[in-house]
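Visitor: Can you read through this structure? Questions will come right after.
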Amino acid sequence: MMALPNPWYRTLLLAALGAATASELQIPLVSQQNPSGASNSLGKPLINTDDLQASIKIENLLERAKDLYKIAQKSEHEYSHPTRVIGSEGHAGTLEYIYSALESLGDYYTLSEQPFPAVLGKVFESRLVIGHEVPESASPMSLTPPTAHREPVYGNLVLVANEGCDASDYPADVAGNVAFVLRGTCSFGAKSQLAGRAGAVAAVVYNYEAGAVSGTLETPTPDHVATFGLSGEDAGPVLEKLEAGTIVDAIAYVDAEVKQIRTTNIIAQTAGGDPDNCVMLGGHSDSVSEGPGINDDGSGSLTLLEVATQLSRFRVNNCVRFAWWAGEEEGLLGSDYYVDVLPAEENRKIRLFMDYDMMGSPNFAYQVYNATNAANPVGSEELRKLYLDWYEAQGLNYTFIPFDGRSDYDAFIRNGIPGGGIATGAEGVKTEEEATMFGGKAGAWYDPCYHQLCDDIGNVNSTAWLVNTKLVAHSVATFALSFDGFPERTKVTSTLGAYKQPTKYHGHRLVL
């Protein structure tokens, strides 16, 4: 799925910031510190990967995790539990914590804040009844609007033709009833919008596979209706009845809100090093609303902070740019925005982008994004090789995971910037082979507390977190020293062809 469309960002930005000129909207960063570019790195040793890796201590990471959990607790009065979701006190505290830690390093970094408009959705309560059954797999889509007047709506399920991607697929009797739409081809948002335009009071998108559908409507529109996802297993018996001409009634209820807020990316760039050849890396500063997000992505954002802290002891040849993205959990909002407003000449200065999301999953596997030069911008495969070489040098196993748009590398890849990264696993299930390779429990999630309240300070594996933070340090040190042998950036091209196949994800949620 393409990144959120530019006109939508422009409209929200003007609404949030008031009148602004077109040129002002192109400014990618708001510099807050060290605008002169002066550096305190004079007299420091040149960056060395072994020394930078040796400076990484698990004790420092765990202390930062404790700090982050305390910050998440600031949201308890509003959410009744710790969270660092955008718009919360926990997220505001996270941004302050990161910025203050970087500011304490003196003028080694030029610090920037990049405010941007974002959309935040909350579902307070929901229920879907089909006939006399309440399907266990039914779940409201992210960014779904509420049902009318936040009350239950009633109607018959009406089967939509094909995959519901054209207005002609929606029969006249959808009006006043609940659209029953097959997942596929077009986005969930498009299906919800077309159902709304046809007069449906709600929509249910059912899976063509047995499993559940946890998706997002992405960019809100006035035509969206309350929309649920439903597993193929639960949908099967219903579909048989509808195809046989049997009337199936339904009750849909969603109490939700979708609102615009403002949040902020934080960018830290070394004052030293060649500013025309930057290695960039990022993690996200926010959590989901359901929990404090200490592994997702507290582990990644704190890894960046610790590496940035230790890097300040060294001199670099190439500039290093760290980013803490806001709104990743709402659909990669911060990284999308950053790349969207980045002028072409600034885009070309980023030699590669490295994504670090979930570094310490309890039931971990050492995962490397399977980026290739054939399918992705040239240089992505060379970055992948750096990770593989390091794991092999340490005598560690690794496995490949799809490079499919699930994290903040997406906008960079779509805009011609080589990318890649590592992870330790989310809601995926560890295989028997992986249990042999990495230990842990086969048949269980890599992170049993993924997007849950229990993603707290006890939800990180110290071994995996330390190992991967050292690898992050190695990736930074390697390119901060030299880009010798790394492909030169080619001309920025269209976002088409950024992936070999169309991606089903934009962030952690399905979009089609």
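Ligands are numbered from 1 in the order shown, residues from 1 within each chain, and chains are lettered A, B, ... in the order they appear in the structure tokens.
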Identify, on the basis of only C-alpha atoms, every residue whose closest approach to Val119 (chain A) does not exceed 7 Å; exclude the query and any residue fewer than 2 positions from it along the same chain; express the result as a list in words.
Guide: Gly121, Val258, Lys259, Gln260 and Ile261 of chain A
Visitor: Could you tell me, as a list in words, which residues of region 75-191 of chain A DSSP assigns to alpha helix (DSSP H) when given the backbone?
Guide: Glu76, His77, Glu78, Tyr79, Glu89, Gly90, His91, Ala92, Gly93, Thr94, Leu95, Glu96, Tyr97, Ile98, Tyr99, Ser100, Ala101, Leu102, Glu103, Phe188, Gly189, Ala190 and Lys191 of chain A
Visitor: Report the residues of region 21-140 of chain A whose backbone DSSP state falls under strand (DSSP E or B), written as a list in words.
Guide: Val30, Ser31, Leu46, Tyr109, Thr110, Leu111, Ser112, Glu113, Gln114, Pro115, Phe116, Pro117, Ala118, Val119, Leu120, Gly121, Lys122, Val123, Phe124, Glu125, Ser126, Arg127, Leu128, Val129, Ile130, Glu133, Ser139 and Pro140 of chain A
Visitor: CA of Gly131 (chain A) and CA of Val158 (chain A), how far apart in Å?
Guide: 12.9 Å
Visitor: Can you list, as a PyMOL selection string, every protein, DNA or RNA residue that comes within 7 Å of region 294-303 of chain A when you count only C-alpha atoms, leaving out same-chain residues fewer than 2 positions away?
Guide: chain A and resi 61+64-65+69+283-285+287+292+305-307+324+356-361+455-457+459-460+469
Visitor: For the selection just defined, write its residues with N, CA and C atoms to a file, as a compact mmCIF listing (two decimals), in the first residue's frame.
Guide:
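This is the output file again-v2.txt:
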# COMPACT_ATOMS: atom_id res chain seq x y z
N LEU A 61 21.04 -0.32 29.33
CA LEU A 61 19.78 -0.51 28.61
C LEU A 61 18.64 -0.80 29.58
N ARG A 64 17.51 2.26 31.46
CA ARG A 64 16.67 3.10 30.60
C ARG A 64 15.27 2.51 30.46
N ALA A 65 15.17 1.19 30.42
CA ALA A 65 13.86 0.55 30.34
C ALA A 65 13.02 0.86 31.57
N TYR A 69 9.38 2.83 31.60
CA TYR A 69 8.15 2.31 32.21
C TYR A 69 7.54 3.33 33.16
N GLY A 283 14.06 4.28 15.09
CA GLY A 283 13.14 3.42 15.81
C GLY A 283 11.95 4.29 16.18
N HIS A 284 10.88 3.71 16.69
CA HIS A 284 9.72 4.56 16.99
C HIS A 284 9.55 4.79 18.48
N SER A 285 9.14 6.00 18.81
CA SER A 285 9.06 6.46 20.20
C SER A 285 7.73 6.13 20.85
N SER A 287 4.10 3.73 21.66
CA SER A 287 3.58 2.38 21.85
C SER A 287 2.14 2.34 21.37
N PRO A 292 2.58 -0.37 27.72
CA PRO A 292 3.71 0.56 27.80
C PRO A 292 4.74 0.41 26.69
N LEU A 305 19.24 5.35 21.54
CA LEU A 305 19.69 6.36 22.49
C LEU A 305 21.02 5.97 23.12
N GLU A 306 21.18 4.69 23.46
CA GLU A 306 22.45 4.24 24.06
C GLU A 306 23.58 4.30 23.04
N VAL A 307 23.32 3.88 21.81
CA VAL A 307 24.36 3.95 20.77
C VAL A 307 24.73 5.41 20.49
N TRP A 324 13.85 9.27 15.94
CA TRP A 324 12.84 8.64 16.79
C TRP A 324 11.48 9.05 16.22
N TYR A 356 15.27 -0.22 13.31
CA TYR A 356 15.48 -1.06 14.49
C TYR A 356 14.23 -1.03 15.37
N ASP A 357 13.43 -2.08 15.21
CA ASP A 357 12.13 -2.17 15.86
C ASP A 357 12.02 -3.54 16.53
N MET A 358 11.94 -3.54 17.87
CA MET A 358 11.81 -4.76 18.69
C MET A 358 13.12 -5.54 18.71
N MET A 359 14.01 -5.13 19.59
CA MET A 359 15.34 -5.71 19.68
C MET A 359 15.46 -6.80 20.73
N GLY A 360 14.45 -7.01 21.58
CA GLY A 360 14.63 -7.93 22.70
C GLY A 360 13.43 -8.81 23.00
N SER A 361 12.80 -9.38 21.99
CA SER A 361 11.62 -10.22 22.22
C SER A 361 11.98 -11.42 23.10
N ASP A 455 3.62 -5.92 28.05
CA ASP A 455 4.88 -5.51 27.41
C ASP A 455 5.56 -4.48 28.31
N ASP A 456 6.07 -4.97 29.43
CA ASP A 456 6.67 -4.11 30.46
C ASP A 456 8.15 -4.44 30.61
N ILE A 457 8.75 -4.04 31.71
CA ILE A 457 10.21 -4.22 31.87
C ILE A 457 10.61 -5.68 32.00
N ASN A 459 9.51 -7.89 29.93
CA ASN A 459 9.21 -8.45 28.61
C ASN A 459 10.34 -8.26 27.60
N VAL A 460 11.57 -8.19 28.08
CA VAL A 460 12.71 -8.11 27.18
C VAL A 460 13.71 -9.21 27.55
N THR A 469 21.98 -4.76 20.13
CA THR A 469 22.46 -3.39 20.30
C THR A 469 23.92 -3.29 19.87
Visitor: Restricting the calculation to only C-alpha atoms: of A:Asp355, A:Glu63, A:Asp223, A:Glu488, which residue gets closest to Leu304 (chain A)?
Guide: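 Smallest separation from Leu304 (chain A) among the options: A:Asp355.
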Visitor: Taking 3 positions as the minimum chain separation for residues in the same chain, which residues sit within 12 Å of region 364-366 of chain A when counting only C-alpha atoms? Answer as number ranges by chain.
Guide: A: 295, 358-361, 369, 387-388, 390-392, 396-401, 421-442, 444-448, 459-469, 471
Visitor: Include C-alpha atoms and write out the residues we just selected as a CSV table (one decimal), in the first residue's frame.
Guide:
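Ended up saving to out09.csv:
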chain,number,residue,atom,x,y,z
A,295,ASN,CA,9.9,-4.1,23.8
A,358,MET,CA,11.8,-4.8,18.7
A,359,MET,CA,15.3,-5.7,19.7
A,360,GLY,CA,14.6,-7.9,22.7
A,361,SER,CA,11.6,-10.2,22.2
A,369,TYR,CA,15.0,-8.2,6.7
A,387,TYR,CA,24.2,-8.1,9.3
A,388,LEU,CA,24.8,-11.6,8.1
A,390,TRP,CA,28.4,-10.0,11.9
A,391,TYR,CA,26.1,-12.8,13.1
A,392,GLU,CA,28.4,-15.3,11.5
A,396,LEU,CA,25.2,-16.9,15.9
A,397,ASN,CA,22.3,-18.2,13.8
A,398,TYR,CA,20.0,-15.9,12.0
A,399,THR,CA,16.9,-16.1,9.8
A,400,PHE,CA,15.3,-14.0,7.1
A,401,ILE,CA,11.9,-12.2,7.5
A,421,GLY,CA,17.2,-3.8,9.5
A,422,ILE,CA,17.0,-6.5,12.1
A,423,ALA,CA,14.3,-7.6,14.6
A,424,THR,CA,13.6,-10.3,17.1
A,425,GLY,CA,9.9,-11.1,16.3
A,426,ALA,CA,6.5,-10.0,17.1
A,427,GLU,CA,3.2,-12.0,16.9
A,428,GLY,CA,4.7,-14.6,14.6
A,429,VAL,CA,5.0,-18.2,15.8
A,430,LYS,CA,8.4,-19.7,16.5
A,431,THR,CA,9.0,-22.9,14.5
A,432,GLU,CA,10.6,-26.1,15.7
A,433,GLU,CA,13.7,-25.3,13.6
A,434,GLU,CA,14.0,-21.9,15.1
A,435,ALA,CA,13.7,-23.3,18.6
A,436,THR,CA,16.7,-25.5,17.7
A,437,MET,CA,18.6,-22.5,16.3
A,438,PHE,CA,17.8,-19.9,19.0
A,439,GLY,CA,16.4,-21.8,22.0
A,440,GLY,CA,13.0,-20.8,23.4
A,441,LYS,CA,9.6,-22.3,22.8
A,442,ALA,CA,8.3,-23.6,19.5
A,444,ALA,CA,4.6,-19.7,20.8
A,445,TRP,CA,4.8,-16.1,19.7
A,446,TYR,CA,8.3,-14.5,19.6
A,447,ASP,CA,6.8,-11.8,21.8
A,448,PRO,CA,4.0,-13.3,23.9
A,459,ASN,CA,9.2,-8.5,28.6
A,460,VAL,CA,12.7,-8.1,27.2
A,461,ASN,CA,15.3,-10.8,26.7
A,462,SER,CA,18.6,-9.3,27.9
A,463,THR,CA,20.8,-11.6,25.8
A,464,ALA,CA,19.0,-10.7,22.6
A,465,TRP,CA,18.8,-7.0,23.4
A,466,LEU,CA,22.5,-6.8,24.2
A,467,VAL,CA,23.6,-8.8,21.1
A,468,ASN,CA,21.4,-6.7,18.8
A,469,THR,CA,22.5,-3.4,20.3
A,471,LEU,CA,25.1,-5.1,16.1
Visitor: Residues within 9 Å of Gly155 (chain A), please, as a PyMOL selection string. Count only C-alpha atoms; anything in the same chain fewer than 6 positions from it doesn't count.
Guide: chain A and resi 176-178+200-202+248-252
Visitor: Name all residues at most 6 Å from Val160 (chain A) (count only C-alpha atoms; drop same-chain ones fewer than 3 positions away) and give them as an mmCIF file with N, CA, C and O atoms, in the first residue's frame.
Guide:
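Output (result_22.cif):
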data_model
loop_
_atom_site.group_PDB
_atom_site.id
_atom_site.type_symbol
_atom_site.label_atom_id
_atom_site.label_comp_id
_atom_site.auth_asym_id
_atom_site.auth_seq_id
_atom_site.Cartn_x
_atom_site.Cartn_y
_atom_site.Cartn_z
ATOM 1 N N GLY A 164 -15.368 -6.070 -3.847
ATOM 2 C CA GLY A 164 -15.870 -4.806 -3.335
ATOM 3 C C GLY A 164 -14.983 -3.616 -3.607
ATOM 4 O O GLY A 164 -14.929 -2.677 -2.809
ATOM 5 N N ASP A 169 -20.004 -3.060 -7.528
ATOM 6 C CA ASP A 169 -20.036 -4.317 -6.775
ATOM 7 C C ASP A 169 -21.076 -4.292 -5.653
ATOM 8 O O ASP A 169 -21.413 -5.343 -5.106
ATOM 9 N N TYR A 170 -21.557 -3.104 -5.310
ATOM 10 C CA TYR A 170 -22.447 -2.949 -4.168
ATOM 11 C C TYR A 170 -23.896 -2.870 -4.646
ATOM 12 O O TYR A 170 -24.301 -1.874 -5.255
ATOM 13 N N PHE A 180 -21.166 -7.099 3.384
ATOM 14 C CA PHE A 180 -20.314 -8.263 3.662
ATOM 15 C C PHE A 180 -19.351 -8.391 2.493
ATOM 16 O O PHE A 180 -19.721 -8.771 1.386
ATOM 17 N N VAL A 181 -18.069 -8.025 2.732
ATOM 18 C CA VAL A 181 -17.114 -7.799 1.650
ATOM 19 C C VAL A 181 -15.908 -8.718 1.798
ATOM 20 O O VAL A 181 -15.331 -8.834 2.884
#
Visitor: Go through A:Ser380, A:Ser231, A:Asn317, A:Thr110 one by one, measure the shortest atom-to-atom distance of each to Ile267 (chain A) using only C-alpha atoms, and give the residue with the smallest value.
Guide: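 Among the listed residues, the smallest separation from Ile267 (chain A) belongs to A:Thr110.
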Visitor: Go ahead and compute the interatomic distance for CA of Ala323 (chain A) and CA of Met280 (chain A), in Å to one decimal.
Guide: 7.6 Å
Visitor: Choose the residue, out of A:Arg183, A:Arg262, A:Arg348, A:Arg414, that has the smallest atom-to-atom separation from Pro117 (chain A); count only C-alpha atoms.
Guide: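 Checking each of A:Arg183, A:Arg262, A:Arg348, A:Arg414 against Pro117 (chain A), counting only C-alpha atoms, the winner is A:Arg262.
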Visitor: Provide the CA of Asn207 (chain A) to CA of Gly229 (chain A) distance in Å, to one decimal place.
Guide: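 Result for CA of Asn207 (chain A) versus CA of Gly229 (chain A): 7.6 Å, one decimal.
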Visitor: Could you tell me which of A:Val279, A:Leu453, A:Ala148, A:Ala374 comes closest to Asp255 (chain A) if we count only C-alpha atoms?
Guide: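 That would be A:Ala148, the residue with the smallest distance to Asp255 (chain A).
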Visitor: Counting only C-alpha atoms, what is within 9 Å of Lys349 (chain A), bar same-chain residues fewer than 5 positions away, as a ChimeraX atom specification?
Guide: /A:275-279,344,489
Visitor: Go ahead and dump the residues you just picked, N, CA, C and O atoms, as a CSV table (one decimal), in the first residue's frame.
Guide:
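again-v4.csv, freshly written:
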chain,number,residue,atom,x,y,z
A,275,PRO,N,28.4,15.9,5.8
A,275,PRO,CA,26.9,16.0,5.8
A,275,PRO,C,26.3,15.6,4.5
A,275,PRO,O,25.0,15.5,4.4
A,276,ASP,N,27.1,15.4,3.4
A,276,ASP,CA,26.5,14.9,2.2
A,276,ASP,C,26.5,13.4,2.0
A,276,ASP,O,26.0,12.9,1.0
A,277,ASN,N,27.0,12.7,3.1
A,277,ASN,CA,27.0,11.3,3.1
A,277,ASN,C,26.6,10.8,4.5
A,277,ASN,O,27.5,10.6,5.4
A,278,CYS,N,25.3,10.6,4.7
A,278,CYS,CA,24.8,10.3,6.0
A,278,CYS,C,24.3,8.8,6.1
A,278,CYS,O,23.6,8.3,5.2
A,279,VAL,N,24.7,8.2,7.2
A,279,VAL,CA,24.0,6.9,7.5
A,279,VAL,C,22.9,7.3,8.5
A,279,VAL,O,23.1,8.0,9.5
A,344,ALA,N,14.5,16.6,-2.6
A,344,ALA,CA,15.2,15.6,-3.4
A,344,ALA,C,16.7,15.7,-3.1
A,344,ALA,O,17.4,14.6,-2.9
A,489,ARG,N,24.5,6.4,-4.3
A,489,ARG,CA,23.1,6.7,-4.5
A,489,ARG,C,22.8,7.0,-6.0
A,489,ARG,O,23.6,7.7,-6.6
